[in-house]
Each structure stands twice: as structure tokens, then as C-alpha cells.
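These notes are about the structure you will find just below.
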Amino acid sequence: MATPDTSLPEGSAQTTVRAWEPWVQLACGVLCMAMIANLQYGWTLFVDPIDAAHHWGRAAIQTAFTIFVLTETWLVPVEAWFVDRYGPRLVIMFGGVMIALAWITNSYATSLPMLYAGAVFGGIGAGSVYGTCVGNALKWFPYRRGLAAGATAAGFGAGAALTVVPIANMIAAQGYEAAFLWFGIGQGLVVFVLAQFLYPPKYKIAAPKKLSSLPQSKTDYRPAQTLSKPVFWLLYLMFVMVASGGLMAAAQIGPIAKDLGVADIPVNLFGLTAAALTLAISLDRIFDGFGRPLFGYVSDRIGRENTMFIAFGTAACALLVMVYHGNNPLVFVLATAVFFGVFGEIYSLFPATSGDTFGSKFAATNAGMLYTAKGTAALLVPLASVVAAAYGWYSVFAIAVGLNAVAALLALFVLKPVRNRFIARSAQPEAASVPVGMPVQSGKAMG
């Protein structure tokens with residue numbers, strides 16, 4: 001199928017995008033991501049209230065979370081194809097409608113199938129927003145991919161921090177059904193409005209004064225080609241290894257805190273006193289949010305693999321502390337904050353690495369295919385509950401320590417040389433690839 005021609009308009013004097021355009025696009029993307037954050041990170045607040053109302057059991061309720069993540073991630077390549085083909089606006093509008101429908105469905109769910117249907121709607125909506133915003137950022141910031149992907153992903157990481165307390169208060173005062181209903185409508189509406197301001201670059205992206213020295217492919221690889229490259233599957237494996245521990249913690253932090261006996265114990269930190277679980281969730285979102293652009297920025301300067309080694313190694317250390325001292329409420333709060341501070345960077349480093357490795361033209365689809373690793377990792381979330389029931393949460397933490405440590409070593413000693421050789425070969429484009437410099441792909445319906 002032919003792709004839209006987006007070469008410069010005839011007679012146009014403009015040759016590069018205006019300096020403010022990328023930043024407006026980035027800001028809109030960040031806000032959209034903040035609106036879908038609670039679909040994942042706020043879920044833990046609903047698990048026990050749903051169980052108390054319906055007695056379905058944690059494992060059955062957490063299956064909805066797994067369905068959400070699987071749907072969110074594994075459909076992103078399809079949604080991203082529409083973005084690469086038609087632009088971001090229509091896909092984001094569709095996503096806004098779906099995330100509103102998801103939480104409205106959850107608010108009225110009186111059976112597990114209905115709860116699971118809400119999870120499917122939410123996954124489709126969140127994936128549409130997430131894949132679109134990250135892919136659009138990679139296209140608007142080809143020389144600062146780490147920072148752009150990190151800032152965009154930060155909205156997803158930190159967005160929940162602003163609403164954790166209001167959601168918890170509404171659940172306590174009016175019930176979880178009201179929280180699902182009103183936050184669902186509000187989040188969907190904001191996303192739908194912001195979609196009107198999103199569009200892909202139509203002109204050349206001017207290089208910054210100091211060009212990035214990071215290795216970047218000289219070829220834009222089509223999605224089918226990307227899937228045939230061993231370096232893609234190495235990235236995929238590492239993504240799964242690191243994401244599994246983080247998703248387990250995000251989905252289960254409420255039950256973990258209660259099982260360790262620290263959930264309701266007051267903790268005083270920097271003059272702020274709150275229950276350990278509430279404080280931990282708030283700090284986790286803040287650290288997660290700041291960690292994504294921070295590590296993306298760092299990776300733009302010291303390299304993707306070097307940054308991965310630092311982040312994955314730190315995550316392993318934080319989880320190791322949890323193994324030995326997780327029943328201390330202060331340690332629980334601090335260790336989980338550090339862990340999420342370095343965990344969230346996978347959502348900036350892996351998309352940026354994908355863009356560097358496989359090119360910009362099909363960046364949304366290629367990054368979307370890599371993002372499905374999050375869905376694969378989500379399959380381990382229910383397994384974590386089974387392991388915890390048999391051996392305790394410390395066994396789950398120990399497994400996550402090993403996965404993060406191995407991923408850190410793979411980044412430095414395997415991925416780095418493999419990717420460097422791959423990019424060096426890309427200087428001679430394959431016949432079916434798209435040489436860098438062809439017109440930027442954009443949307444027919446976008447303005």
C-alpha cells in the first residue's frame with residue numbers, strides 16, 4: 001500500500017519545523033500519558049475494595065490487570081501502524097473514548113467477565129495513547145530520543161502521583177464504583193481534547209548545535225525487517241526480564257504492604273507523615289516519573305547500554321534490600337521509591353534504543369512491537385501471587401533481583417557490541433529498507 005507523500009508543499013518557503021513545535025507536541029503527549037497513568041498505577045487501590053464487595057479473590061481480580069496489560073501492549077503495533085500511516089490525532093481521540101468506557105464499565109461491573117471487559121477496553125485505549133505519544137515523540141526529537149521518550153513516558157509514570165490521594169479518598173468516601181466512574185469520564189475527556197493539537201512533523205527536523213554522538217542507524221527498517229533482526233529479540237528479552245519485576249510491584253504493592261504488615265504504619269519522611277502504603281505509592285509515582293526523563297537524558301550523553309547497566313543494577317540492589325528489610329516500613333517506602341525511580345527508565349531507554357537502531361520513519365510501529373514485551377512480562381504477575389503464597393514475597397523479590405542483575409550484564413557485555421556491529425552494517429542500506437532522508441511519513445487527515 002502506498003504511503004502518503006509528505007514532501008514540502010509546493011511553493012512553501014518553510015524548510016524546517018518551527019522551534020516551538022516539537023515542545024508543544026511533547027507537552028501534549030505528556031499530558032495525554034498522565035491521563036492514562038491510573039489505569040495501571042492506580043489499579044492497586046481498587047483490588048481490595050473490589051474483593052471486599054464481591055469476594056472474587058485477589059488472583060481473579062488481578063487477572064483483569066493482566067488482561068489490561070496484555071491488551072495495552074500487544075495491540076500497540078497495530079495502533080502504531082495507523083499512527084505511521086494516518087498521524088496521531090484520530091488514534092488519540094479513539095483512545096480517549098476507550099479509556100472512559102473502560103472505567104465506566106468497571107464502575108458497573110457485577111461479574112468477573114464484565115470486569116475483564118473493562119480491562120480490554122482500557123488496554124485498547126491506553127495502548128492507543130501510549131504507543132502514539134511515544135512514537136510521535138521519537139519522530140519530533142530524532143537527536144534527543146532518550147529525553148523525548150523519557151519525558152513522554154514520565155507522564156505515564158508520574159501522572160498517577162497527583163491523583164492517588166484523591167482516588168483513595170473518593171474510594172473511602174463514596175466507594176470504588178464512584179472513583180471508577182468520575183475519574184474515567186474526566187481522564188477520557190481530557191485525552192479527547194488534547195488529541196486535537198497532535199500532528200506529525202511535516203518538515204525537516206533541525207539538528208541541535210551539538211549533534212548526538214550516539215550510534216544511529218543509516219537505514220529506516222520496515223517492521224517486517226525489524227522482526228527478522230536478532231538484536232531486536234535481544235532487546236525484547238531484556239525488556240521482559242526487567243519489566244516483570246516492576247509490573248509485579250506496581251500491581252501488587254498494596255497486597256505486598258499488607259502481607260508484610262507495613263501498610264498502615266505511619267512513616268515520617270521529610271516532615272511528611274502518612275501511612276507507609278499511601279506514602280510509598282505517592283513517592284513511587286514521583287520517582288518513577290522523574291527517573292524516566294532523567295535516565296533518557298543521561299542515555300543521550302553516555303549511551304543507552306551504559307545507562308541500562310546503571311539502572312538495572314540499581315534496581316537489583318533496591319530489591320535486595322527489600323529481601324532483607326522489607327518488613328521495616330521506612331525501608332519499604334525508600335526501597336520501593338528507589339526501585340521505581342530506576343525501573344521506569346525502561347520506557348525511555350528501550351524506545352530510544354529502538355529508534356537509534358531501526359530508524360525514524362517506522363519508529364512508532366517498531367517501538368510498538370518492542371513494547372509488547374511488557375505484555376509478555378505481565379503474564380508473570382499472577383505467577384508472582386502463586387509464588388508469594390507458597391514461599392513468601394521475599395522469594396518473588398529474590399527472583400526479580402536475579403532478572404535485573406542478568407539484564408544489567410547483558411546490556412553492557414552483549415547488547416552493546418551486538419548493536420554497534422548492526423548499526424555499522426546499516427551504513428549499507430538493504431534493498432528493501434528505506435534510506436534515511438526520504439520524506440517524513442505523516443497523516444492525510446492531520447493538519
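Here, A, B, ... name the chains of the C-alpha cells in the order displayed, residue numbers run from 1 inside each chain, and ligands are numbered from 1 in the same displayed order.
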Could you pull out all residues of range 133-375 of chain A with a DSSP call of strand (DSSP E) and give them as a PyMOL selection string? chain A and resi 219-220+266-269+272-275
Proximity check range 100-129 of chain A to range 137-161 of chain A, 12 Å, nearest pairs one decimal Å, only C-alpha atoms, as CSV:
```
residue,atom,partner,partner_atom,distance
A:Ala126,CA,A:Phe156,CA,9.9
A:Gly127,CA,A:Phe156,CA,11.5
A:Val129,CA,A:Phe156,CA,10.2
```
Could you turn the residues from that selection into a file that holds N, CA, C and O atoms, as an mmCIF file, in the first residue's frame?
```cif
data_model
loop_
_atom_site.group_PDB
_atom_site.id
_atom_site.type_symbol
_atom_site.label_atom_id
_atom_site.label_comp_id
_atom_site.auth_asym_id
_atom_site.auth_seq_id
_atom_site.Cartn_x
_atom_site.Cartn_y
_atom_site.Cartn_z
ATOM 1 N N ALA A 126 -5.484 2.667 26.437
ATOM 2 C CA ALA A 126 -4.164 3.054 26.933
ATOM 3 C C ALA A 126 -3.082 2.777 25.898
ATOM 4 O O ALA A 126 -2.157 3.577 25.714
ATOM 5 N N GLY A 127 -3.190 1.647 25.197
ATOM 6 C CA GLY A 127 -2.203 1.339 24.171
ATOM 7 C C GLY A 127 -2.240 2.329 23.026
ATOM 8 O O GLY A 127 -1.194 2.720 22.486
ATOM 9 N N VAL A 129 -3.084 5.469 23.209
ATOM 10 C CA VAL A 129 -2.482 6.723 23.668
ATOM 11 C C VAL A 129 -0.982 6.561 23.856
ATOM 12 O O VAL A 129 -0.184 7.386 23.399
#
```
Selection: 10 Å around Ile185 in chain A, only C-alpha atoms, excl. self and same-chain fewer than 6 positions, as number ranges by chain: A: 96-97, 99-104
Keeping only all heavy atoms, take the residues you just selected and write them out as a tab-separated table (two decimals), in the first residue's frame.
```tsv
chain	number	residue	atom	x	y	z
A	96	GLY	N	-9.04	8.07	23.87
A	96	GLY	CA	-9.76	8.79	24.91
A	96	GLY	C	-11.14	8.22	25.16
A	96	GLY	O	-11.58	8.09	26.31
A	97	VAL	N	-11.82	7.86	24.09
A	97	VAL	CA	-13.15	7.26	24.22
A	97	VAL	C	-13.05	5.91	24.93
A	97	VAL	O	-13.86	5.59	25.83
A	97	VAL	CB	-13.81	7.09	22.84
A	97	VAL	CG1	-15.10	6.28	22.95
A	97	VAL	CG2	-14.09	8.46	22.22
A	99	ILE	N	-10.70	4.71	27.04
A	99	ILE	CA	-10.32	4.70	28.46
A	99	ILE	C	-11.48	5.17	29.34
A	99	ILE	O	-11.65	4.71	30.47
A	99	ILE	CB	-9.05	5.54	28.73
A	99	ILE	CG1	-9.26	7.01	28.42
A	99	ILE	CG2	-7.87	4.99	27.96
A	99	ILE	CD1	-8.07	7.89	28.80
A	100	ALA	N	-12.31	6.08	28.80
A	100	ALA	CA	-13.50	6.47	29.55
A	100	ALA	C	-14.47	5.29	29.65
A	100	ALA	O	-15.00	4.99	30.73
A	100	ALA	CB	-14.19	7.66	28.87
A	101	LEU	N	-14.67	4.60	28.54
A	101	LEU	CA	-15.56	3.44	28.53
A	101	LEU	C	-15.07	2.35	29.49
A	101	LEU	O	-15.87	1.68	30.15
A	101	LEU	CB	-15.66	2.88	27.11
A	101	LEU	CG	-16.52	1.63	26.92
A	101	LEU	CD1	-17.97	1.91	27.30
A	101	LEU	CD2	-16.42	1.14	25.47
A	102	ALA	N	-13.76	2.20	29.60
A	102	ALA	CA	-13.17	1.16	30.44
A	102	ALA	C	-13.55	1.34	31.90
A	102	ALA	O	-14.06	0.42	32.56
A	102	ALA	CB	-11.66	1.16	30.28
A	103	TRP	N	-13.31	2.54	32.44
A	103	TRP	CA	-13.57	2.75	33.86
A	103	TRP	C	-15.06	2.87	34.15
A	103	TRP	O	-15.51	2.55	35.26
A	103	TRP	CB	-12.78	3.95	34.38
A	103	TRP	CG	-11.40	3.52	34.82
A	103	TRP	CD1	-10.70	2.45	34.39
A	103	TRP	CD2	-10.58	4.17	35.80
A	103	TRP	NE1	-9.49	2.38	35.03
A	103	TRP	CE2	-9.38	3.42	35.89
A	103	TRP	CE3	-10.73	5.31	36.57
A	103	TRP	CZ2	-8.35	3.77	36.75
A	103	TRP	CZ3	-9.69	5.67	37.43
A	103	TRP	CH2	-8.52	4.91	37.52
A	104	ILE	N	-15.85	3.34	33.18
A	104	ILE	CA	-17.30	3.33	33.36
A	104	ILE	C	-17.79	1.89	33.47
A	104	ILE	O	-18.63	1.56	34.32
A	104	ILE	CB	-17.99	4.06	32.20
A	104	ILE	CG1	-17.68	5.56	32.25
A	104	ILE	CG2	-19.50	3.85	32.26
A	104	ILE	CD1	-18.16	6.33	31.03
```
Kindly indicate which residue among A:Leu269, A:His54, A:Ala195, A:Gly186 lies nearest to Ala27 in chain A, using only C-alpha atoms for the distances. A:Ala195
Neighbour list for Gly95 in chain A as a ChimeraX atom specification, cut-off 12 Å, only C-alpha atoms, skip fewer than 3 positions in-chain: /A:32-33,35-36,72,76,79,88-92,98-102,121-133,187-195
